[in-house]
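Contents: one structure, followed by commentary.
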Amino acid sequence: MLETRLPVPNVYWNRDGGTRLEAISAESAPALVGRFAHVQQDGDRVTAIRDQLGLNKLYVAFHPDRGVIAANYLRDLVEAGIAFTDTYAIPAGSVVTLDPAARSGAVRNFAALPTRAGSSDTPSKTAHRVCELLDQGMGHLAALHPSTPVAVCLSGGADSSVIAAYTREHFPRAVAYTYSFGDEHLSEDAAAAQRVAAHLDMPLRLVRADRQALLAALPPAILNGQDWRDFNVHAAVVNEILGAAIADDHPHGALVFTGDLMNEFLADYTPVAYADNLYYRLPNLPPDRLRTHLTRGIQTGDREVGVLTAHGLTVVQPYSWATTELLAMPEPVSKPLLMTHLARHRLPGTTLRRPKVRAQIGDVGSDTGVLPQLLQAGITQPRLEDRFRRALGIASSADLNRTIRGGIHKPVPHVL
């Protein structure tokens with residue numbers, strides 16, 4: 001009565017900092033830090049458990065003959081004969097007892113996000129705790145993977161540079177990977193990444209791609225990134241290019257550390273103007289509410305974990321270990337000050353204060369970003385949605401919007 005298609009590995013550790021890998025269960029889940037999705041059969045029912053942020057995607061469907069079918073990728077449910085509109089998500093931070101006969105589930109939350117961010121009035125102590133969590137998590141993984149190849153996605157911005165510094169300390173043989181558009185031009189971010197890697201004495205692999213490579217990366221970015229919204233697809237394209245390069249270098253797998261998620265925790269996003277249009281608009285919310293709104297949206301879309309896992313890589317997002325602490329940072333958050341504290345004198349101040357030029361945008365004053373390149377190729381937001389719908393057999397925009405509402409995939413019908 002249970003079929004599983006769960007290729008995405010769980011990456012978690014115990015809150016007490018120990019290296020013993022505790023089994024995932026309804027009882028242990030509240031004490032686990034990281035990302036995980038777990039499904040098991042319990043008699044005539046099925047128990048499904050998902051991490052606090054929903055980093056590991058966990059979709060389920062009810063089949064009249066086969067019972068519960070669970071998957072990390074929507075494509076696997078569709079390939080199993082399930083209509084997209086009949087797919088459900090296990091809510092983030094919850095244990096759900098599924099009843100296949102009733103096609104419903106009893107939901108128990110064990111890790112809810114706050115309504116508003118900024119509950120702490122001691123930012124320095126909070127930052128110190130974040131440092132402890134980063135060290136504990138890195139130490140756990142280093143003990144668990146003493147000989148696994150390690151890569152760091154390094155953009156040259158503060159978020160990824162801080163993670164590179166921690167990775168270099170705990171994994172001395174780690175290699176940084178950075179992306180740049182074109183064969184000759186070196187993007188501002190790639191140049192900054194080179195400087196950070198040199199400062200940390202870390203080898204760096206420069207991964208170049210032209211427009212044709214971006215277009216070739218688009219189908220897997222949409223399918224494995226499980227999203228059609230422009231910002232997430234554009235980010236997934238870059239991760240697809242980096243993931244392919246890392247997998248070529250390490251065909252038997254690698255740990256891949258990223259600086260993702262800090263932007264959501266601090267609402268460190270801004271809309272982008274290009275060709276008289278504004279892209280990547282944000283909801284008009286106060287900063288403390290915007291931070292939790294963006295964080296809640298992480299549970300849908302798979303621009304990092306889904307894309308890189310499809311290449312046989314194991315993704316590690318260390319900032320997720322400090323979700324509670326980072327959301328507790330009071331407004332207004334001074335990001336340069338926070339990153340300076342987290343860096344612990346291992347990075348130059350210019351790196352920690354440098355405004356990042358996102359790969360989706362490209363260099364200031366040029367068209368080298370993913371956004372302008374795809375737009376010039378006619379890949380607009382409606383085209384992205386069309387490709388997403390065709391990839392998953394979604395008949396109409398209405399079906400898509402009924403299944404993913406307000407950026408969240410519809411949850412399992414629940415009973416009290």
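Identifiers for the structure tokens are assigned positionally: chains receive A, B, ... in sequence, residues are indexed from 1 per chain, and ligands are indexed from 1 in the order shown.
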
Excluding Gly43 in chain A and its own-chain neighbours fewer than 6 positions away, which residues fall within 12 Å of it when counting only C-alpha atoms? Please give them as an NGL selection string.
:A and (1-2 or 97-100)

Taking the backbone alone, and naming residues the way the document does, which bits of range 100-332 of chain A are alpha helix (DSSP H) by DSSP, as number ranges by chain?
A: 123-144, 158-170, 188-200, 211-225, 230-249, 262-266, 287-296, 305-309, 323-327

Could you list, with a cut-off of 10 Å and counting only C-alpha atoms, the residues of range 194-277 of chain A near range 366-384 of chain A, each shown with its nearest atom pair and the distance in Å rounded to one decimal, rows sorted by chain and ascending number, as a tab-separated table?
```
residue	atom	partner	partner_atom	distance
A:Asp210	CA	A:Thr368	CA	9.0
A:Arg211	CA	A:Gln373	CA	6.4
A:Gln212	CA	A:Gln373	CA	9.6
A:Leu214	CA	A:Val370	CA	7.4
A:Leu215	CA	A:Leu374	CA	7.4
A:Leu218	CA	A:Leu384	CA	9.2
A:Pro219	CA	A:Leu384	CA	9.6
A:Ile222	CA	A:Leu384	CA	8.0
A:Asp227	CA	A:Leu384	CA	8.8
A:Trp228	CA	A:Leu384	CA	5.4
A:Arg229	CA	A:Gln381	CA	6.9
A:Asp230	CA	A:Gln381	CA	6.0
A:Phe231	CA	A:Leu371	CA	8.4
A:Val233	CA	A:Leu384	CA	8.1
A:His234	CA	A:Val370	CA	6.0
A:Ala235	CA	A:Val370	CA	8.2
A:Val237	CA	A:Val370	CA	7.9
A:Val238	CA	A:Val370	CA	8.0
A:Val272	CA	A:Leu371	CA	9.6
A:Tyr274	CA	A:Pro372	CA	7.5
A:Ala275	CA	A:Pro372	CA	8.8
```

Considering only C-alpha atoms, can you say which of A:Gly67, A:Gly139, A:Gly406, A:Pro355 comes closest to Arg168 in chain A?
A:Gly139

When distances are computed from only C-alpha atoms, which of A:Arg129, A:His345, A:His170, A:His414 shows the smallest separation from Ala102 in chain A?
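Of A:Arg129, A:His345, A:His170, A:His414, the one nearest Ala102 in chain A is A:His414, counting only C-alpha atoms.
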
Using only C-alpha atoms, find the one residue out of A:Arg296, A:Lys125, A:Arg354, A:His341 that sits nearest to Ser155 in chain A.
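Checking each of A:Arg296, A:Lys125, A:Arg354, A:His341 against Ser155 in chain A, counting only C-alpha atoms, the winner is A:Arg354.
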
Which residue out of A:Asp276, A:Glu331, A:Asp159, A:Glu264 has the minimum interatomic distance to Pro318 in chain A when only C-alpha atoms are used?
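Of A:Asp276, A:Glu331, A:Asp159, A:Glu264, the one nearest Pro318 in chain A, counting only C-alpha atoms, is A:Asp159.
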
Rounded to one decimal place, report the CA of Gly137 in chain A-CA of Tyr73 in chain A distance in Å.
26.2 Å

List the spatial neighbours of Ala254 in chain A as a tab-separated table (two decimals) with C-alpha atoms, in the first residue's frame - criterion: any atom at most 9 Å away, only C-alpha atoms, same-chain residues fewer than 5 positions off excluded.
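Ended up saving to part_34.tsv:
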```
chain	number	residue	atom	x	y	z
A	148	THR	CA	33.63	12.37	0.02
A	149	PRO	CA	34.58	15.05	-2.54
A	150	VAL	CA	33.35	18.50	-1.52
A	151	ALA	CA	32.39	21.45	-3.72
A	246	ILE	CA	30.60	19.25	-10.59
A	247	ALA	CA	29.12	15.90	-11.65
A	312	GLY	CA	23.82	12.64	-8.29
A	313	LEU	CA	25.06	15.35	-5.92
A	314	THR	CA	24.19	15.88	-2.26
A	315	VAL	CA	23.25	19.48	-1.52
```

Length of the CA of Lys57 in chain A to CA of Leu6 in chain A vector [Å]:
9.2 Å

For CA of Pro332 in chain A and CA of Tyr280 in chain A, the interatomic separation in Å (one decimal):
22.2 Å

Excluding Asp16 in chain A and residues on its chain fewer than 5 positions from it, collect all residues at most 10 Å away from it, counting only C-alpha atoms, and give them as a PDB file with C-alpha atoms, in the first residue's frame.
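Output file out-v6.pdb is given in full below:
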```pdb
ATOM      1  CA  ALA A  31      15.171  17.556  17.430  1.00  0.00           C
ATOM      2  CA  LEU A  32      16.582  17.180  13.929  1.00  0.00           C
ATOM      3  CA  VAL A  33      18.283  20.049  12.097  1.00  0.00           C
ATOM      4  CA  GLN A 136      28.311  21.945  14.610  1.00  0.00           C
TER       5      GLN A 136
END
```
